[in-house]
Amino acid sequence: MLLLRDADQVTLFDVQQKRTLAEVKISKCKYVVWSSDMSHVALLSKHNVNICNRRLESLCSVHENTRVKSGAWDDSGVFIYTTSNHIKYAINNGDHGIIRTLDLPIYVTRVKGNQVYCLDRECRPRILRIDPTEYKFKLALINRKYEDVLHMVRNANLVGQSIIAYLQQKGYPEVALHFVKDERTRFGLALECGNIEVALEAARSLDEKSSWESLAQAALLQGNHQVVEMCYQRTKNFEKLAFLYLITGNLEKLRKMIKIAEIRKDVSGQYQGSLLLGDVYERAKILRNSGQASLAYVTEKIHGISSPEDDVQYSSMSEELSALEQGAEYLRPPVPIQQAENNWPLLTVSKGFFEGAVMSRGKSQVAAALAPEDDNAVPAEGWGNDEELGIDEEEGIENENVPEGEESAGWDVEDVDLPPELETPVAATEDGYYSPPTKGISPTQHWINNSQFVVDHILAGSLETAFRLLNDQVGVVEFEAYQSLFMNTFVRARTSFASLPNIPSLYGYPQRNLKDTNPKSSLPAIGLHLTDLVQRLQVCYHLTTGGKFPEAIEKLQAILLSVPLLVVDTRQDIIEAQELIQICREYILGLKMETERKNLPKATLAEQKRICEMAAYFTHCNLQPVHQILTLRIAVNMFFKLKNYKTAASFARRLLELGPKPELAQQVRKILLACDKNPVDEHQLAYDEHNPFSLCASTFVPIYRGKPEVKCPLCGASYLPQFKDTVCKVCEVALIGKQCIGLRISPVQFR
């Protein structure tokens with residue numbers, strides 16, 4: 001085949017067949033440069049570079065304002081060409097750019113690595129060095145060689161607005177996000193690729209109203225209403241904040257918004273909040289305070305809460321109001337089924353190569369949650385200073401050899417009269433009868449038949465069997481606490497979608513084993529994972545450090561009740577779930593005991609001794625080191641004040657072994673030095689640190705090893721024998737001492 005040139009085009013001509021195979025439009029083509037494997041060709045004219053494949057199909061065309069001098073193909077398949085004052089590159093997909101500038105024109109003969117072999121105008125051979133990083137980076141992105149991309153991001157100097165603009169234009173904002181330093185640029189890229197976490201960090205650095213508003217809009221589209229709430233709070237957008245609380249069912253915070261509006265003297269916002277809550281008393285109060293006494297009376301009268309004094313005062317309006325009362329309706333939005341504490345669920349999307357390589361790997365989920373908090377965190381005031389009809393079918397007998405009406409007497413064949421309820425209309429077919437299809441079994445019934453997990457029965461809507469499984473496995477007898485968890489689980493069991501007009505919506509049932517599913521093995525998709533509970537545990541750690549004990553206890557109990565609703569795959573996950581139960585039990589027990597200790601009176605010596613005993617017991621709860629230091633600090637101070645110096649010194653040594661901050665360690669050493677001068681206990685307490693014991697979760701007294709005790713089948717909390725067959729004080733749902741088969745959350749346990 002030949003390449004034929006005329007003034008307007010280049011033609012690919014087959015000599016043997018004597019016919020034209022292809023044509024490409026390029027005016028006054030001067031040079032043709034083939035790649036080493038003859039798969040691509042570059043056609044050069046005075047001001048144009050046209051790259052084609054071997055069939056002369058145009059891949060890209062680049063126009064230059066100055067003369068194109070020469071060109072050569074790089075080993076990676078990029079065309080390098082020169083103009084009067086630049087060395088440039090062109091990639092087959094149309095990307096092109098400048099590699100370096102030139103002092104004098106050159107003529108390229110070959111490109112190898114980062115070296116360009118060329119001739120100058122005096123025909124002297126020269127070698128020029130170039131930086132191929134930019135076009136190799138683009139080529140790696142085009143060819144999806146993410147290992148090379150990652151290496152260049154980490155090691156090459158690629159930071160520049162042109163690269164960032166290229167990545168945005170080509171749809172790779174998440175790649176640019178990892179090496180851009182400017183916070184404003186990071187914020188824009190994070191919003192573009194939907195990375196709310198990075199956008200939140202950048203917005204905090206910028207701290208501009210426009211940034212918070214943009215972040216709120218992007219987070220709202222993803223259903224991340226916790227970030228939306230924070231953005232509205234930063235921008236003081238109280239109207240949107242109130243509506244957010246309404247649609248997420250957070251009525252408690254919506255009531256707080258009314259109080260905030262009252263403080264801000266925003267009567268309109270206050271009245272709107274009372275309308276959203278359906279609070280008639282508040283509406284009447286606002287109207288009366290605003291000077292609309294008659295309108296306030298109308299509101300009270302229609303809702304039947306008016307006082308006799310107002311009835312007398314506004315007796316002239318009685319006839320008009322009686323007509324209004326007959327057709328009056330109570331204005332109130334629908335009551336939310338549950339309060340949406342967590343963000344709205346998103347689809348699980350697997351991380352790409354680049355994002356997965358940048359993210360850290362390693363530690364198990366619970367191990368990450370067990371990482372100690374910052375030792376420099378200052379405990380809040382909550383710590384104080386003290387110091388989860390069969391009818392058998394008869395086969396018809398067909399005897400073609402016996403004439404009709406001459407059956408043998410031995411065959412006593414009689415007609416059978418079917419009962420009326422079994423008689424169904426029969427549609428005539430070619431065979432003379434029609435058998436209607438058997439009614440199928442719904443997917444949710446298959447879930448119940450195929451699974452012994454509590455969560456699968458909840459998703460199927462079979463709450464009774466779910467109750468029975470919870471009772472058999474972990475001894476749950478009080479199910480009221482599970483109401484919100486059951487509802488939250490059930491509402492995600494199916495999807496609804498429209499099919500044809502004017503017919504009801506159809507339902508889809510997501511499966512977790514979709515690839516190998518069949519009626520005998522189908523199981524519902526799981527929405528609650530172990531990682532979700534681990535993240536919620538971190539929040540409880542922060543609440544405990546901040547001294548917000550009631551709130552921490554509530555969230556820890558929610559995590560504890562959620563563990564039986566898990567489904568995990570491996571034995572390691574089972575161990576981590578059981579470990580999670582133990583963590584929640586220890587924290588709930590310790591925080592409840594500390595809350596009760598703070599409420600005890602301190603008038604008599606016996607009461608003071610009891611307070612010191614409970615503080616000592618608290619140090620034996622298995623908490624994180626940062627919280628263990630706080631419990632020991634309280635115990636040291638209290639026992640020192642009670643003049644029990646020997647025990648106080650023991651607590652001080654335990655505290656120093658945990659490595660506290662230097663300031664605290666210095667203070668504790670002073671107390672230890674004072675205790676060692678007189679190592680005696682002035683008062684006898686019901687506490688023996690050398691005798692191992694469990695703590696009764698009801699009376700907060702020690703149960704020493706060898707003594708009889710009963711345990712909760714769910715959380716494992718210990719109790720004295722007299723508390724058997726009562727409800728556990730820690731989890732508040734299970735029956736103490738009930739014999740159960742144990743927690744079942746993995747298929748491994750049934751093998």
# chains A, B, ... in the order shown; residues from 1 in each chain; ligands from 1
>>> select_by_dssp(residues="segment 619-655 of chain A", states="helix (DSSP H, G or I)", output="list in words")
Pro625, Val626, His627, Gln628, Ile629, Leu630, Thr631, Leu632, Arg633, Ile634, Ala635, Val636, Asn637, Met638, Phe639, Phe640, Lys641, Tyr645, Lys646, Thr647, Ala648, Ala649, Ser650, Phe651, Ala652, Arg653, Arg654 and Leu655 of chain A
>>> write_last_selection(atoms="C-alpha atoms", output="mmCIF file, in the first residue's frame")
data_model
loop_
_atom_site.group_PDB
_atom_site.id
_atom_site.type_symbol
_atom_site.label_atom_id
_atom_site.label_comp_id
_atom_site.auth_asym_id
_atom_site.auth_seq_id
_atom_site.Cartn_x
_atom_site.Cartn_y
_atom_site.Cartn_z
ATOM 1 C CA PRO A 625 -6.256 3.790 79.740
ATOM 2 C CA VAL A 626 -7.279 7.437 79.405
ATOM 3 C CA HIS A 627 -10.479 6.720 81.375
ATOM 4 C CA GLN A 628 -8.715 4.352 83.785
ATOM 5 C CA ILE A 629 -6.409 7.233 84.754
ATOM 6 C CA LEU A 630 -9.433 9.362 85.617
ATOM 7 C CA THR A 631 -10.989 6.670 87.833
ATOM 8 C CA LEU A 632 -7.713 6.114 89.685
ATOM 9 C CA ARG A 633 -7.235 9.849 90.139
ATOM 10 C CA ILE A 634 -10.647 10.116 91.804
ATOM 11 C CA ALA A 635 -9.919 7.104 94.041
ATOM 12 C CA VAL A 636 -6.499 8.472 95.118
ATOM 13 C CA ASN A 637 -7.948 11.818 96.166
ATOM 14 C CA MET A 638 -10.922 10.326 98.014
ATOM 15 C CA PHE A 639 -8.926 7.702 99.943
ATOM 16 C CA PHE A 640 -6.278 10.279 100.844
ATOM 17 C CA LYS A 641 -8.972 12.552 102.282
ATOM 18 C CA TYR A 645 -3.128 6.093 103.075
ATOM 19 C CA LYS A 646 -2.172 2.478 102.338
ATOM 20 C CA THR A 647 -4.942 1.969 99.788
ATOM 21 C CA ALA A 648 -4.426 5.478 98.360
ATOM 22 C CA ALA A 649 -0.753 4.623 97.757
ATOM 23 C CA SER A 650 -1.806 1.445 95.901
ATOM 24 C CA PHE A 651 -4.092 3.474 93.628
ATOM 25 C CA ALA A 652 -1.290 6.004 93.037
ATOM 26 C CA ARG A 653 1.139 3.292 91.915
ATOM 27 C CA ARG A 654 -1.451 1.841 89.522
ATOM 28 C CA LEU A 655 -2.008 5.329 88.101
#
>>> atom_distance(atom1="atom CA of Leu685 of chain A", atom2="atom CA of Tyr617 of chain A")
11.5 Å
>>> closest_residue(among="A:Gln233, A:Ser435, A:Ala466, A:Ala717", to="Trp212 of chain A", atoms="only C-alpha atoms")
A:Gln233
>>> residues_around(residues="segment 42-46 of chain A", least_positions_apart="5", cutoff="7 Å", atoms="only C-alpha atoms", output="ChimeraX atom specification")
/A:27-34,51-52,67-68
>>> atom_distance(atom1="atom CA of Ser214 of chain A", atom2="atom CA of Phe243 of chain A")
17.8 Å
>>> closest_residue(among="A:Thr495, A:Asn114, A:Asn644, A:Thr699", to="Arg597 of chain A", atoms="only C-alpha atoms")
A:Thr699
>>> closest_residue(among="A:Arg536, A:Arg5, A:Arg283, A:Lys439", to="Lys25 of chain A", atoms="only C-alpha atoms")
A:Arg5
>>> residues_around(residues="Thr235 of chain A", least_positions_apart="2", cutoff="8 Å", atoms="only C-alpha atoms", output="list in words")
Lys209, Trp212, Glu213, Cys231, Tyr232, Gln233 and Asn237 of chain A
>>> residues_around(residues="Phe490 of chain A", least_positions_apart="3", cutoff="12 Å", atoms="only C-alpha atoms", output="number ranges by chain")
A: 337-338, 444, 454-463, 466, 482-487, 493-495, 509, 524-528, 565
>>> atom_distance(atom1="atom CA of Asp472 of chain A", atom2="atom CA of Ala734 of chain A")
10.7 Å
>>> closest_residue(among="A:Glu657, A:Asp573, A:Glu682, A:Asp8", to="Val748 of chain A", atoms="only C-alpha atoms")
A:Asp573
>>> residues_around(residues="Ser274 of chain A", least_positions_apart="5", cutoff="8 Å", atoms="only C-alpha atoms", output="list of chain:residue names")
A:Ile258, A:Asp279, A:Val280, A:Glu282, A:Arg283
